[in-house]
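Chemist: Coordinates in data22.cif, mmCIF, C-alpha atoms, are listed below.
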data_data
#
loop_
_atom_site.label_atom_id
_atom_site.label_comp_id
_atom_site.auth_asym_id
_atom_site.auth_seq_id
_atom_site.Cartn_x
_atom_site.Cartn_y
_atom_site.Cartn_z
CA MET K 15 -6.41 150.93 79.32
CA ASN K 16 -7.27 153.82 77.05
CA PRO K 17 -10.88 153.65 75.90
CA GLU K 18 -10.06 156.06 73.08
CA SER K 19 -8.23 153.27 71.31
CA TYR K 20 -11.48 151.38 71.04
CA LYS K 21 -13.16 154.17 69.10
CA ARG K 22 -13.27 153.35 65.44
CA ARG K 23 -14.01 155.79 62.66
CA ASN K 24 -14.00 153.02 60.07
CA ASN K 25 -16.37 150.22 59.32
CA ILE K 26 -15.04 146.74 59.93
CA LEU K 27 -14.92 143.56 57.89
CA ILE K 28 -13.55 140.56 59.77
CA ILE K 29 -12.69 137.40 57.87
CA ASN K 30 -12.66 134.29 60.07
CA THR K 31 -10.52 131.62 58.37
CA LYS K 32 -11.80 128.98 60.83
CA HIS K 33 -9.99 125.69 60.22
CA TYR K 34 -10.38 125.71 56.45
CA GLU K 35 -7.60 123.75 54.80
CA LYS K 36 -6.77 126.29 52.12
CA ALA K 37 -6.08 129.05 54.66
CA THR K 38 -4.23 127.20 57.43
CA GLY K 39 -0.84 125.82 58.35
CA LYS K 40 1.62 125.56 55.47
CA ARG K 41 -0.89 127.22 53.14
CA SER K 42 -1.58 130.30 55.25
CA TYR K 43 1.30 132.43 53.94
CA GLU K 44 0.22 132.01 50.34
CA PHE K 45 -3.43 132.53 51.26
CA PHE K 46 -2.89 135.84 53.06
CA ALA K 47 -0.28 137.13 50.59
CA GLY K 48 -3.06 137.71 48.06
CA LEU K 49 -5.49 139.41 50.44
CA PRO K 50 -5.97 143.13 51.13
CA ASP K 51 -4.13 145.00 53.87
CA MET K 52 -5.92 146.48 56.89
CA ASN K 53 -6.42 149.89 55.23
CA ALA K 54 -6.82 148.79 51.62
CA PHE K 55 -10.32 150.27 51.36
CA LYS K 56 -11.19 153.82 52.33
CA GLY K 57 -13.47 153.98 55.35
CA TRP K 58 -12.96 150.29 56.08
CA GLU K 59 -10.74 148.17 58.26
CA ILE K 60 -10.01 144.60 57.16
CA ASP K 61 -9.13 142.09 59.90
CA TYR K 62 -8.29 138.38 59.68
CA ALA K 63 -9.19 136.05 62.56
CA VAL K 64 -6.83 133.07 62.39
CA GLY K 65 -6.18 129.84 64.28
CA ALA K 66 -3.43 129.73 66.90
CA TYR K 67 -1.06 127.79 64.58
CA ASP K 68 -1.20 130.71 62.08
CA LEU K 69 -0.71 133.62 64.46
CA HIS K 70 3.04 133.67 63.78
CA ILE K 71 2.49 134.95 60.23
CA ALA K 72 1.39 138.35 61.54
CA ASP K 73 5.12 139.10 61.59
CA GLN K 74 5.34 138.55 57.86
CA PHE K 75 2.43 140.85 56.99
CA PRO K 76 2.91 144.05 58.99
CA ALA K 77 0.29 145.93 56.94
CA LYS K 78 -2.40 143.37 57.66
CA SER K 79 -4.41 143.12 60.86
CA PHE K 80 -4.70 139.73 62.58
CA TYR K 81 -6.99 138.58 65.35
CA SER K 82 -6.99 135.27 67.18
CA GLN K 83 -10.03 133.00 66.91
CA HIS K 84 -9.90 132.39 70.66
CA VAL K 85 -8.00 133.44 73.78
CA ASP K 86 -7.97 132.03 77.32
CA PRO K 87 -8.19 134.01 80.59
CA ILE K 88 -4.65 133.05 81.62
CA GLY K 89 -1.18 134.55 81.51
CA TYR K 90 2.14 132.91 80.71
CA GLY K 91 2.82 129.86 82.84
CA ALA K 92 1.73 126.29 83.48
CA PHE K 93 -1.20 126.22 81.06
CA THR K 94 -1.02 123.29 78.66
CA GLY K 95 -2.79 123.90 75.35
CA LYS K 96 -3.94 127.41 76.29
CA ILE K 97 -3.24 130.84 74.81
CA SER K 98 -2.87 134.14 76.63
CA ILE K 99 -3.47 137.78 75.72
CA GLU K 100 0.17 138.39 76.70
CA MET K 101 1.41 136.04 73.97
CA LEU K 102 -0.96 137.52 71.41
CA VAL K 103 0.21 141.05 72.19
CA ASP K 104 3.85 139.90 72.00
CA SER K 105 3.06 138.42 68.58
CA GLY K 106 1.56 141.62 67.16
CA ILE K 107 -2.04 140.41 67.37
CA ARG K 108 -4.59 143.19 67.97
CA GLY K 109 -7.48 141.27 69.39
CA SER K 110 -9.46 138.07 69.49
CA LEU K 111 -12.86 136.61 68.89
CA ILE K 112 -14.23 134.71 71.88
CA ASN K 113 -17.30 132.59 72.40
CA HIS K 114 -17.78 131.85 68.70
CA SER K 115 -20.73 129.52 68.11
CA GLU K 116 -18.11 126.86 67.26
CA PHE K 117 -16.16 127.48 70.49
CA ARG K 118 -18.56 128.46 73.26
CA LEU K 119 -17.34 129.59 76.67
CA ASN K 120 -19.12 130.01 79.97
CA PHE K 121 -20.07 133.51 81.07
CA GLU K 122 -17.51 133.63 83.87
CA THR K 123 -14.70 132.93 81.38
CA ILE K 124 -16.05 135.60 79.02
CA GLU K 125 -16.09 138.16 81.83
CA LYS K 126 -12.52 137.29 82.82
CA VAL K 127 -11.21 137.61 79.27
CA VAL K 128 -13.00 140.91 78.66
CA SER K 129 -11.81 142.40 81.94
CA LYS K 130 -8.21 141.40 81.34
CA ALA K 131 -8.32 142.55 77.70
CA ARG K 132 -9.55 146.00 78.77
CA SER K 133 -6.63 146.40 81.15
CA MET K 134 -4.21 145.48 78.35
CA ASP K 135 -5.78 147.55 75.56
CA PHE K 136 -6.41 144.31 73.66
CA GLU K 137 -9.59 144.18 71.61
CA VAL K 138 -11.99 141.34 72.34
CA ILE K 139 -14.99 140.62 70.12
CA VAL K 140 -17.57 138.56 71.99
CA CYS K 141 -19.86 136.47 69.80
CA ALA K 142 -23.51 136.24 70.84
CA GLU K 143 -26.26 133.90 69.66
CA ASN K 144 -29.35 135.79 70.75
CA LEU K 145 -30.53 139.17 72.01
CA ASP K 146 -30.26 138.08 75.61
CA GLU K 147 -26.59 137.27 75.09
CA VAL K 148 -26.00 140.51 73.19
CA THR K 149 -27.33 142.33 76.26
CA ARG K 150 -25.27 140.35 78.77
CA PHE K 151 -22.06 140.66 76.76
CA ALA K 152 -22.59 144.36 76.01
CA LYS K 153 -22.69 144.95 79.77
CA THR K 154 -19.30 143.21 80.30
CA GLY K 155 -17.54 146.22 78.79
CA ALA K 156 -16.35 144.41 75.67
CA PRO K 157 -15.70 146.94 72.89
CA LEU K 158 -17.40 144.83 70.21
CA VAL K 159 -20.15 142.24 70.15
CA ALA K 160 -20.62 140.03 67.08
CA TYR K 161 -24.19 138.86 66.81
CA GLU K 162 -24.63 135.51 65.05
CA PRO K 163 -28.35 134.75 64.89
CA PRO K 164 -28.46 130.92 64.64
CA GLU K 165 -31.06 131.09 61.87
CA LEU K 166 -28.55 132.96 59.69
CA ILE K 167 -25.45 130.84 60.41
CA GLY K 168 -24.11 128.79 57.54
CA GLY K 169 -27.25 128.98 55.45
CA ASN K 170 -28.23 130.98 52.43
CA ILE K 171 -30.46 133.38 54.33
CA SER K 172 -29.03 136.85 54.53
CA VAL K 173 -29.49 139.75 56.89
CA SER K 174 -31.09 141.80 54.14
CA SER K 175 -33.74 139.25 53.33
CA ALA K 176 -34.56 138.03 56.83
CA ARG K 177 -34.86 139.38 60.37
CA PRO K 178 -33.62 142.97 60.01
CA ASP K 179 -35.55 143.64 63.21
CA ILE K 180 -33.26 141.49 65.36
CA ILE K 181 -30.19 143.35 64.08
CA GLU K 182 -31.86 146.67 64.81
CA LYS K 183 -32.71 145.60 68.35
CA ALA K 184 -29.18 144.29 68.94
CA ALA K 185 -27.70 147.56 67.68
CA ALA K 186 -29.90 149.53 70.06
CA VAL K 187 -28.83 147.36 73.02
CA CYS K 188 -25.18 147.81 72.09
CA GLU K 189 -25.51 151.57 71.65
CA ASN K 190 -27.11 151.89 75.08
CA ASN K 191 -24.04 150.19 76.55
CA GLY K 192 -21.43 152.06 74.52
CA VAL K 193 -20.56 148.94 72.55
CA LYS K 194 -20.20 148.45 68.80
CA LEU K 195 -22.17 145.76 66.99
CA ILE K 196 -20.83 143.49 64.26
CA VAL K 197 -23.19 141.28 62.29
CA GLY K 198 -21.73 137.79 62.58
CA ALA K 199 -23.90 135.78 60.19
CA GLY K 200 -25.94 136.29 57.05
CA ILE K 201 -23.50 138.62 55.31
CA LYS K 202 -23.41 137.36 51.72
CA THR K 203 -23.36 140.49 49.56
CA HIS K 204 -22.49 144.16 49.59
CA ASN K 205 -26.18 144.82 50.07
CA ASP K 206 -26.13 142.77 53.29
CA ILE K 207 -23.26 144.87 54.59
CA LEU K 208 -25.07 148.09 53.67
CA THR K 209 -28.23 146.85 55.34
CA SER K 210 -26.29 145.94 58.49
CA LEU K 211 -24.73 149.42 58.64
CA LYS K 212 -28.11 151.06 58.14
CA LEU K 213 -29.50 148.95 60.98
CA GLY K 214 -26.82 150.28 63.30
CA ALA K 215 -23.94 147.80 63.04
CA VAL K 216 -20.34 148.88 62.36
CA GLY K 217 -19.47 145.93 60.16
CA GLY K 218 -19.62 142.23 59.46
CA LEU K 219 -17.93 138.97 60.34
CA VAL K 220 -17.66 136.61 57.37
CA SER K 221 -16.01 133.27 56.71
CA SER K 222 -16.74 130.66 54.02
CA GLY K 223 -18.13 133.25 51.60
CA VAL K 224 -14.63 134.74 51.40
CA VAL K 225 -12.30 131.92 52.42
CA LEU K 226 -13.83 129.28 50.16
CA ALA K 227 -14.38 131.66 47.22
CA SER K 228 -12.38 130.82 44.10
CA ASN K 229 -10.80 134.26 44.49
CA PRO K 230 -10.98 135.42 48.12
CA ALA K 231 -9.50 138.86 47.32
CA VAL K 232 -12.26 139.50 44.77
CA ALA K 233 -14.84 138.26 47.27
CA ILE K 234 -13.64 140.82 49.82
CA THR K 235 -13.62 143.63 47.25
CA SER K 236 -17.14 142.69 46.15
CA LEU K 237 -18.46 142.77 49.71
CA ILE K 238 -17.11 146.26 50.26
CA ASN K 239 -17.30 147.99 46.88
CA ASN K 240 -19.74 146.22 44.67
CA MET D 4 -3.04 102.23 60.60
CA ASN D 5 0.05 100.14 61.14
CA PRO D 6 0.35 99.11 64.79
CA GLU D 7 4.04 98.31 64.22
CA SER D 8 4.75 102.01 64.06
CA TYR D 9 3.63 102.34 67.66
CA LYS D 10 6.24 99.88 68.89
CA ARG D 11 9.14 101.71 70.45
CA ARG D 12 12.51 100.26 71.24
CA ASN D 13 13.62 103.44 72.96
CA ASN D 14 12.68 105.04 76.21
CA ILE D 15 10.89 108.36 75.94
CA LEU D 16 11.38 111.77 77.50
CA ILE D 17 8.66 114.28 76.63
CA ILE D 18 9.17 117.95 77.49
CA ASN D 19 5.91 119.89 77.75
CA THR D 20 6.67 123.60 77.25
CA LYS D 21 3.13 124.51 78.43
CA HIS D 22 2.60 128.26 78.08
CA TYR D 23 5.90 129.29 79.65
CA GLU D 24 7.02 132.65 78.34
CA LYS D 25 10.63 131.70 77.63
CA ALA D 26 9.65 128.84 75.33
CA THR D 27 6.74 130.30 73.37
CA GLY D 28 5.92 132.61 70.49
CA LYS D 29 8.80 134.77 69.32
CA ARG D 30 11.14 133.07 71.78
CA SER D 31 10.43 129.49 70.71
CA TYR D 32 13.00 129.32 67.90
CA GLU D 33 15.84 130.37 70.17
CA PHE D 34 14.60 128.10 72.95
CA PHE D 35 14.50 124.96 70.83
CA ALA D 36 17.69 125.74 68.89
CA GLY D 37 19.71 124.89 72.01
CA LEU D 38 17.88 121.66 72.86
CA PRO D 39 18.75 118.09 71.86
CA ASP D 40 17.42 116.38 68.75
CA MET D 41 15.07 113.40 68.89
CA ASN D 42 17.88 110.84 68.79
CA ALA D 43 20.56 112.77 70.67
CA PHE D 44 20.82 110.11 73.40
CA LYS D 45 21.33 106.42 72.72
CA GLY D 46 18.29 104.36 73.71
CA TRP D 47 16.18 107.48 74.21
CA GLU D 48 13.72 109.50 72.21
CA ILE D 49 13.31 113.19 73.04
CA ASP D 50 9.96 114.81 72.18
CA TYR D 51 8.73 118.38 72.68
CA ALA D 52 5.03 119.06 73.28
CA VAL D 53 4.34 122.64 72.19
CA GLY D 54 1.40 125.04 72.03
CA ALA D 55 -0.50 125.45 68.75
CA TYR D 56 1.16 128.84 68.02
CA ASP D 57 4.60 127.10 68.04
CA LEU D 58 3.80 124.08 65.89
CA HIS D 59 5.08 125.85 62.76
CA ILE D 60 8.68 125.66 63.99
CA ALA D 61 8.76 121.88 63.45
CA ASP D 62 9.68 122.80 59.87
CA GLN D 63 12.80 124.56 61.07
CA PHE D 64 14.04 121.67 63.22
CA PRO D 65 13.69 118.52 61.11
CA ALA D 66 15.86 116.47 63.51
CA LYS D 67 13.66 117.29 66.49
CA SER D 68 10.36 115.63 67.32
CA PHE D 69 7.36 117.82 68.10
CA TYR D 70 4.00 116.94 69.60
CA SER D 71 0.98 119.16 70.07
CA GLN D 72 -0.28 119.90 73.60
CA HIS D 73 -3.83 119.27 72.45
CA VAL D 74 -5.83 118.18 69.41
CA ASP D 75 -9.56 118.25 68.66
CA PRO D 76 -11.68 115.43 67.16
CA ILE D 77 -12.40 117.41 63.99
CA GLY D 78 -11.05 117.65 60.45
CA TYR D 79 -10.46 120.69 58.28
CA GLY D 80 -13.52 122.90 57.96
CA ALA D 81 -15.79 125.27 59.86
CA PHE D 82 -14.17 124.86 63.29
CA THR D 83 -13.24 128.19 64.85
CA GLY D 84 -10.34 127.97 67.29
CA LYS D 85 -9.90 124.21 66.89
CA ILE D 86 -7.02 122.07 65.66
CA SER D 87 -7.18 118.84 63.67
CA ILE D 88 -4.94 115.80 63.35
CA GLU D 89 -4.93 116.50 59.60
CA MET D 90 -3.27 119.88 60.13
CA LEU D 91 -0.78 118.45 62.61
CA VAL D 92 0.21 115.69 60.18
CA ASP D 93 0.53 118.27 57.36
CA SER D 94 2.82 120.28 59.66
CA GLY D 95 5.17 117.39 60.44
CA ILE D 96 3.85 116.84 63.96
CA ARG D 97 4.04 113.21 65.14
CA GLY D 98 1.46 113.16 67.86
CA SER D 99 -0.33 115.00 70.63
CA LEU D 100 -1.00 115.00 74.32
CA ILE D 101 -4.68 115.07 75.16
CA ASN D 102 -6.59 115.42 78.43
CA HIS D 103 -3.69 117.02 80.29
CA SER D 104 -4.66 117.96 83.85
CA GLU D 105 -4.58 121.58 82.64
CA PHE D 106 -6.85 120.84 79.66
CA ARG D 107 -9.32 118.12 80.57
CA LEU D 108 -11.66 116.57 78.01
CA ASN D 109 -14.74 114.41 78.38
CA PHE D 110 -14.40 110.67 77.75
CA GLU D 111 -16.37 110.76 74.51
CA THR D 112 -13.98 113.34 73.05
CA ILE D 113 -10.97 111.27 74.16
CA GLU D 114 -12.40 108.17 72.48
CA LYS D 115 -13.03 110.10 69.25
CA VAL D 116 -9.51 111.53 69.13
CA VAL D 117 -7.88 108.16 69.88
CA SER D 118 -9.96 106.35 67.29
CA LYS D 119 -9.23 108.92 64.59
CA ALA D 120 -5.52 109.05 65.51
CA ARG D 121 -5.22 105.27 65.14
CA SER D 122 -6.67 105.40 61.65
CA MET D 123 -4.14 108.10 60.71
CA ASP D 124 -1.06 106.58 62.35
CA PHE D 125 -0.85 109.66 64.57
CA GLU D 126 0.36 109.09 68.11
CA VAL D 127 -1.91 110.25 70.91
CA ILE D 128 -0.76 110.30 74.53
CA VAL D 129 -3.74 110.37 76.88
CA CYS D 130 -3.07 111.88 80.29
CA ALA D 131 -4.73 110.20 83.28
CA GLU D 132 -5.15 111.41 86.86
CA ASN D 133 -5.85 108.16 88.66
CA LEU D 134 -5.74 104.38 88.23
CA ASP D 135 -9.35 104.25 87.15
CA GLU D 136 -8.60 106.67 84.30
CA VAL D 137 -5.45 104.77 83.37
CA THR D 138 -7.62 101.68 82.98
CA ARG D 139 -10.34 103.43 80.96
CA PHE D 140 -7.87 105.17 78.66
CA ALA D 141 -5.73 102.04 78.19
CA LYS D 142 -8.83 100.30 76.86
CA THR D 143 -9.46 103.01 74.23
CA GLY D 144 -6.54 101.70 72.18
CA ALA D 145 -4.33 104.74 72.73
CA PRO D 146 -0.67 103.76 72.25
CA LEU D 147 0.52 105.69 75.31
CA VAL D 148 -1.01 106.76 78.60
CA ALA D 149 0.72 109.42 80.73
CA TYR D 150 -0.16 108.98 84.37
CA GLU D 151 -0.07 112.20 86.40
CA PRO D 152 -0.90 111.34 90.01
CA PRO D 153 -2.31 114.61 91.41
CA GLU D 154 -0.22 114.25 94.57
CA LEU D 155 2.94 114.44 92.44
CA ILE D 156 1.93 117.31 90.13
CA GLY D 157 3.86 120.53 90.53
CA GLY D 158 5.27 119.73 93.94
CA ASN D 159 8.63 118.58 95.16
CA ILE D 160 7.56 115.00 95.76
CA SER D 161 9.10 112.58 93.30
CA VAL D 162 8.14 109.18 92.00
CA SER D 163 11.18 107.64 93.68
CA SER D 164 10.34 108.94 97.11
CA ALA D 165 6.58 108.51 97.10
CA ARG D 166 3.96 106.12 95.80
CA PRO D 167 6.00 103.73 93.66
CA ASP D 168 3.10 101.30 94.13
CA ILE D 169 0.68 103.41 92.06
CA ILE D 170 3.14 103.52 89.15
CA GLU D 171 3.62 99.77 89.34
CA LYS D 172 -0.14 99.19 89.29
CA ALA D 173 -0.62 101.59 86.38
CA ALA D 174 2.16 99.86 84.44
CA ALA D 175 0.49 96.49 84.99
CA VAL D 176 -2.88 97.82 83.76
CA CYS D 177 -1.23 99.28 80.67
CA GLU D 178 0.70 96.11 79.90
CA ASN D 179 -2.50 94.04 80.11
CA ASN D 180 -3.99 96.31 77.44
CA GLY D 181 -0.94 96.46 75.18
CA VAL D 182 -0.37 100.12 76.04
CA LYS D 183 2.83 101.89 77.10
CA LEU D 184 2.94 103.93 80.30
CA ILE D 185 4.66 107.29 80.72
CA VAL D 186 5.07 108.81 84.17
CA GLY D 187 3.58 112.29 83.90
CA ALA D 188 4.50 113.86 87.24
CA GLY D 189 7.15 113.56 89.93
CA ILE D 190 10.11 113.18 87.57
CA LYS D 191 12.78 115.44 89.07
CA THR D 192 16.04 113.50 88.72
CA HIS D 193 17.72 110.75 86.76
CA ASN D 194 16.91 108.47 89.68
CA ASP D 195 13.18 109.21 89.25
CA ILE D 196 13.43 108.21 85.60
CA LEU D 197 15.30 105.00 86.46
CA THR D 198 12.73 104.21 89.14
CA SER D 199 9.89 104.76 86.67
CA LEU D 200 11.48 102.44 84.13
CA LYS D 201 12.04 99.78 86.78
CA LEU D 202 8.39 100.06 87.78
CA GLY D 203 7.35 99.32 84.19
CA ALA D 204 7.01 102.72 82.51
CA VAL D 205 8.72 103.54 79.20
CA GLY D 206 9.56 107.11 80.07
CA GLY D 207 8.61 110.41 81.62
CA LEU D 208 6.74 113.61 80.87
CA VAL D 209 8.42 116.69 82.35
CA SER D 210 7.88 120.43 82.15
CA SER D 211 9.03 123.19 84.51
CA GLY D 212 12.05 121.18 85.71
CA VAL D 213 13.47 121.46 82.19
CA VAL D 214 11.77 124.51 80.68
CA LEU D 215 12.41 126.83 83.62
CA ALA D 216 15.93 125.52 84.30
CA SER D 217 18.70 128.08 83.80
CA ASN D 218 20.07 125.70 81.17
CA PRO D 219 17.31 123.48 79.77
CA ALA D 220 19.74 121.43 77.63
CA VAL D 221 21.79 120.56 80.70
CA ALA D 222 18.59 119.72 82.58
CA ILE D 223 17.62 117.22 79.87
CA THR D 224 21.09 115.69 79.79
CA SER D 225 21.07 115.36 83.58
CA LEU D 226 17.71 113.59 83.58
CA ILE D 227 18.94 111.02 81.08
CA ASN D 228 22.62 110.56 81.82
CA ASN D 229 23.45 111.79 85.26
#
Any chance you could give the structure as structure tokens?
Modeler:
Amino acid sequence: MNPESYKRRNNILIINTKHYEKATGKRSYEFFAGLPDMNAFKGWEIDYAVGAYDLHIADQFPAKSFYSQHVDPIGYGAFTGKISIEMLVDSGIRGSLINHSEFRLNFETIEKVVSKARSMDFEVIVCAENLDEVTRFAKTGAPLVAYEPPELIGGNISVSSARPDIIEKAAAVCENNGVKLIVGAGIKTHNDILTSLKLGAVGGLVSSGVVLASNPAVAITSLINN
Amino acid sequence: MNPESYKRRNNILIINTKHYEKATGKRSYEFFAGLPDMNAFKGWEIDYAVGAYDLHIADQFPAKSFYSQHVDPIGYGAFTGKISIEMLVDSGIRGSLINHSEFRLNFETIEKVVSKARSMDFEVIVCAENLDEVTRFAKTGAPLVAYEPPELIGGNISVSSARPDIIEKAAAVCENNGVKLIVGAGIKTHNDILTSLKLGAVGGLVSSGVVLASNPAVAITSLINN
């Protein structure tokens, strides 16, 4: 409703716990208990994107910021196996990833979710796989687009060492549409984060590098401070 | 793993809470606290099919039986927004609906889930919309098929008053494949349940009639005992 609420002064680090065993279900409380709060680092905001079965723990960590890994364009009602923005808001969840490369949606669904989220002041981060998608999603009015270049997903190639040009182009597209860019793949080190910020992004989306680290809290601190 | 565990001596009533506001999220504990346990009625088993965000409450109600409304054919790992049988088993969940008319899957996915569930002694209930689907799904080796004739979904028409022949045919198909049939739509009254059992089903799948009732516990008791 209020576009001001979308304006961020801080950089953003989002940790996607995916469906990793050590961070989900009965283990999620212990996993998140050791991780930094939303405002633990000056100038940064730390967010955790969790599976639907773990959303309830937001209640137990009021100083941490939780996002959903997915949300459907529905409300409460006769929707088996679906999840609504209404329920996420009721549960203290600030926003949601949608269209992650592991959970792709069609464009019509993306538009519906973004439109509804805007009217509810709920923050949607739309994941994009290429520059064409970055452009299309930036025009939907989503506050944030996470760009996951397929050549950087899951591998050892980082944003700093490969393809800085595509990040720069994506950042320019986003800026032209009043949208913030998050780099959604290839963030391995503090240097990758710095490079992404220099190229025009406002932060990074990470997963296994933090979640599967022997000490996830240290991994987060290293990404931000090292 | 052990097919014996699939053999049921009791009839089954499954309550699908869908995404109804009064039964989900912060309200789910209070909602389920007033509802009957799995073995509250002689000769019957009561199961609740809940959304992923409510699965964690199974821990708080050890005498109740919870199913998931959906499960994906994946394990733990890099699967954003997905849910595995492994996590459901770890969370004390006995089984899952799949392919509900509100969450349709392709046949290949259904086969994968059923095959994996069998190897893990996890009970999958495959929803079917017509006799052809009942036949295809019965042959996958799923222990239970829930038949939701579209003409009975969501309306006021009940199994007793309309189309008993299609239930009878579905029951025969299931029996020929060693599969149990649940009637997934048109169960409004105790008489509908009795009719379904007479036609060869082992129970019913209900939703709004119970969940949206002013007193859901009374609604369940009426369906079984009235």
Chemist: Point out the residue among D:Ser210, D:Asn13, D:Ser164, D:Asn179 with the least atom-to-atom distance to chain K, counting all atoms listed in the file.
Modeler: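 Closest residue, counting all atoms listed in the file: D:Ser210.
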Chemist: May I have the residues of chain K within 9 Å of chain D, counting all atoms listed in the file, written as a PyMOL selection string?
Modeler: chain K and resi 30-35+38-40+64-70+82-85+89-98+101-102+104-105+114-117+221-222
Chemist: Could you save the residues just selected, with C-alpha atoms, as an mmCIF file, in the frame of the given file?
Modeler:
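Saved the output as result_15.cif:
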data_model
loop_
_atom_site.group_PDB
_atom_site.id
_atom_site.type_symbol
_atom_site.label_atom_id
_atom_site.label_comp_id
_atom_site.auth_asym_id
_atom_site.auth_seq_id
_atom_site.Cartn_x
_atom_site.Cartn_y
_atom_site.Cartn_z
ATOM 1 C CA ASN K 30 -12.660 134.290 60.070
ATOM 2 C CA THR K 31 -10.520 131.620 58.370
ATOM 3 C CA LYS K 32 -11.800 128.980 60.830
ATOM 4 C CA HIS K 33 -9.990 125.690 60.220
ATOM 5 C CA TYR K 34 -10.380 125.710 56.450
ATOM 6 C CA GLU K 35 -7.600 123.750 54.800
ATOM 7 C CA THR K 38 -4.230 127.200 57.430
ATOM 8 C CA GLY K 39 -0.840 125.820 58.350
ATOM 9 C CA LYS K 40 1.620 125.560 55.470
ATOM 10 C CA VAL K 64 -6.830 133.070 62.390
ATOM 11 C CA GLY K 65 -6.180 129.840 64.280
ATOM 12 C CA ALA K 66 -3.430 129.730 66.900
ATOM 13 C CA TYR K 67 -1.060 127.790 64.580
ATOM 14 C CA ASP K 68 -1.200 130.710 62.080
ATOM 15 C CA LEU K 69 -0.710 133.620 64.460
ATOM 16 C CA HIS K 70 3.040 133.670 63.780
ATOM 17 C CA SER K 82 -6.990 135.270 67.180
ATOM 18 C CA GLN K 83 -10.030 133.000 66.910
ATOM 19 C CA HIS K 84 -9.900 132.390 70.660
ATOM 20 C CA VAL K 85 -8.000 133.440 73.780
ATOM 21 C CA GLY K 89 -1.180 134.550 81.510
ATOM 22 C CA TYR K 90 2.140 132.910 80.710
ATOM 23 C CA GLY K 91 2.820 129.860 82.840
ATOM 24 C CA ALA K 92 1.730 126.290 83.480
ATOM 25 C CA PHE K 93 -1.200 126.220 81.060
ATOM 26 C CA THR K 94 -1.020 123.290 78.660
ATOM 27 C CA GLY K 95 -2.790 123.900 75.350
ATOM 28 C CA LYS K 96 -3.940 127.410 76.290
ATOM 29 C CA ILE K 97 -3.240 130.840 74.810
ATOM 30 C CA SER K 98 -2.870 134.140 76.630
ATOM 31 C CA MET K 101 1.410 136.040 73.970
ATOM 32 C CA LEU K 102 -0.960 137.520 71.410
ATOM 33 C CA ASP K 104 3.850 139.900 72.000
ATOM 34 C CA SER K 105 3.060 138.420 68.580
ATOM 35 C CA HIS K 114 -17.780 131.850 68.700
ATOM 36 C CA SER K 115 -20.730 129.520 68.110
ATOM 37 C CA GLU K 116 -18.110 126.860 67.260
ATOM 38 C CA PHE K 117 -16.160 127.480 70.490
ATOM 39 C CA SER K 221 -16.010 133.270 56.710
ATOM 40 C CA SER K 222 -16.740 130.660 54.020
#
Chemist: Using only C-alpha atoms, find the one residue out of D:Ile227, D:Ser31, D:Leu197, D:Thr192 that sits nearest to D:Gly212.
Modeler: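 Smallest distance to D:Gly212 is found for D:Thr192.
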Chemist: How far is it from atom CA of K:Ala72 to atom CA of K:Tyr43, in Å with one decimal?
Modeler: 9.6 Å
Chemist: Just want the 12 Å neighbourhood of K:Lys212, counted on only C-alpha atoms, with same-chain residues fewer than 3 positions away dropped. Output as a list in words.
Modeler: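 Selected residues are Asn25, Val173, Ser174, Pro178, Asp179, Ile181, Glu182, Ala185, Leu195, Val197, Asn205, Asp206, Ile207, Leu208, Thr209, Ala215, Val216 and Gly217 of chain K.
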Chemist: I'd like the contact shell of D:Ala220 - 10 Å cut-off, all atoms listed in the file, skipping same-chain residues fewer than 6 positions apart - returned as a list in words.
Modeler: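 Counting all atoms listed in the file, the residues come to Phe34, Phe35, Ala36, Gly37, Leu38, Pro39, Val213 and Val214 of chain D.
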Chemist: Considering all atoms listed in the file, can you say which of K:Lys130, K:Lys56, K:His204, K:Lys183 comes closest to K:Asp86?
Modeler: K:Lys130
Chemist: Evaluating the PyMOL selection byres ((chain D and resi 136) around 12) on the displayed file yields which residues, as a PyMOL selection string?
Modeler: chain D and resi 102+104+109-110+113+129-135+137-143+148-152+173+176-177
Chemist: Calculate how many Å separate atom CA of D:Val127 from atom CA of D:Ile160, rounding to one decimal.
Modeler: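 Computed distance, atom CA of D:Val127 to atom CA of D:Ile160, equals 27.0 Å.
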Chemist: Atom CA of K:Glu189 and atom CA of K:Pro157 are how many Å apart?
Modeler: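 Here the two named atoms are 10.9 Å from each other.
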Chemist: Pick from D:Ala145, D:Ile169, D:Ile156, D:Ile190: nearest to D:Leu226, with only C-alpha atoms counted?
Modeler: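 Answer, going by the shortest atom-to-atom distance: D:Ile190.
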Chemist: Once the PyMOL selection byres ((chain K and resi 58) around 8) has been evaluated on this model, what residues remain selected, and can you format them as a list of chain:residue names?
Modeler: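 So the PyMOL selection byres ((chain K and resi 58) around 8) ends up selecting K:Asn24, K:Asn25, K:Ile26, K:Leu27, K:Asn53, K:Ala54, K:Phe55, K:Lys56, K:Gly57, K:Glu59, K:Ile60.
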Chemist: Please, could you write that set of residues out with C-alpha atoms as a short mmCIF file (atom, residue, chain, number, x, y, z; two decimals), in the coordinates of the input?
Modeler:
data_model
loop_
_atom_site.label_atom_id
_atom_site.label_comp_id
_atom_site.auth_asym_id
_atom_site.auth_seq_id
_atom_site.Cartn_x
_atom_site.Cartn_y
_atom_site.Cartn_z
CA ASN K 24 -14.00 153.02 60.07
CA ASN K 25 -16.37 150.22 59.32
CA ILE K 26 -15.04 146.74 59.93
CA LEU K 27 -14.92 143.56 57.89
CA ASN K 53 -6.42 149.89 55.23
CA ALA K 54 -6.82 148.79 51.62
CA PHE K 55 -10.32 150.27 51.36
CA LYS K 56 -11.19 153.82 52.33
CA GLY K 57 -13.47 153.98 55.35
CA GLU K 59 -10.74 148.17 58.26
CA ILE K 60 -10.01 144.60 57.16
#
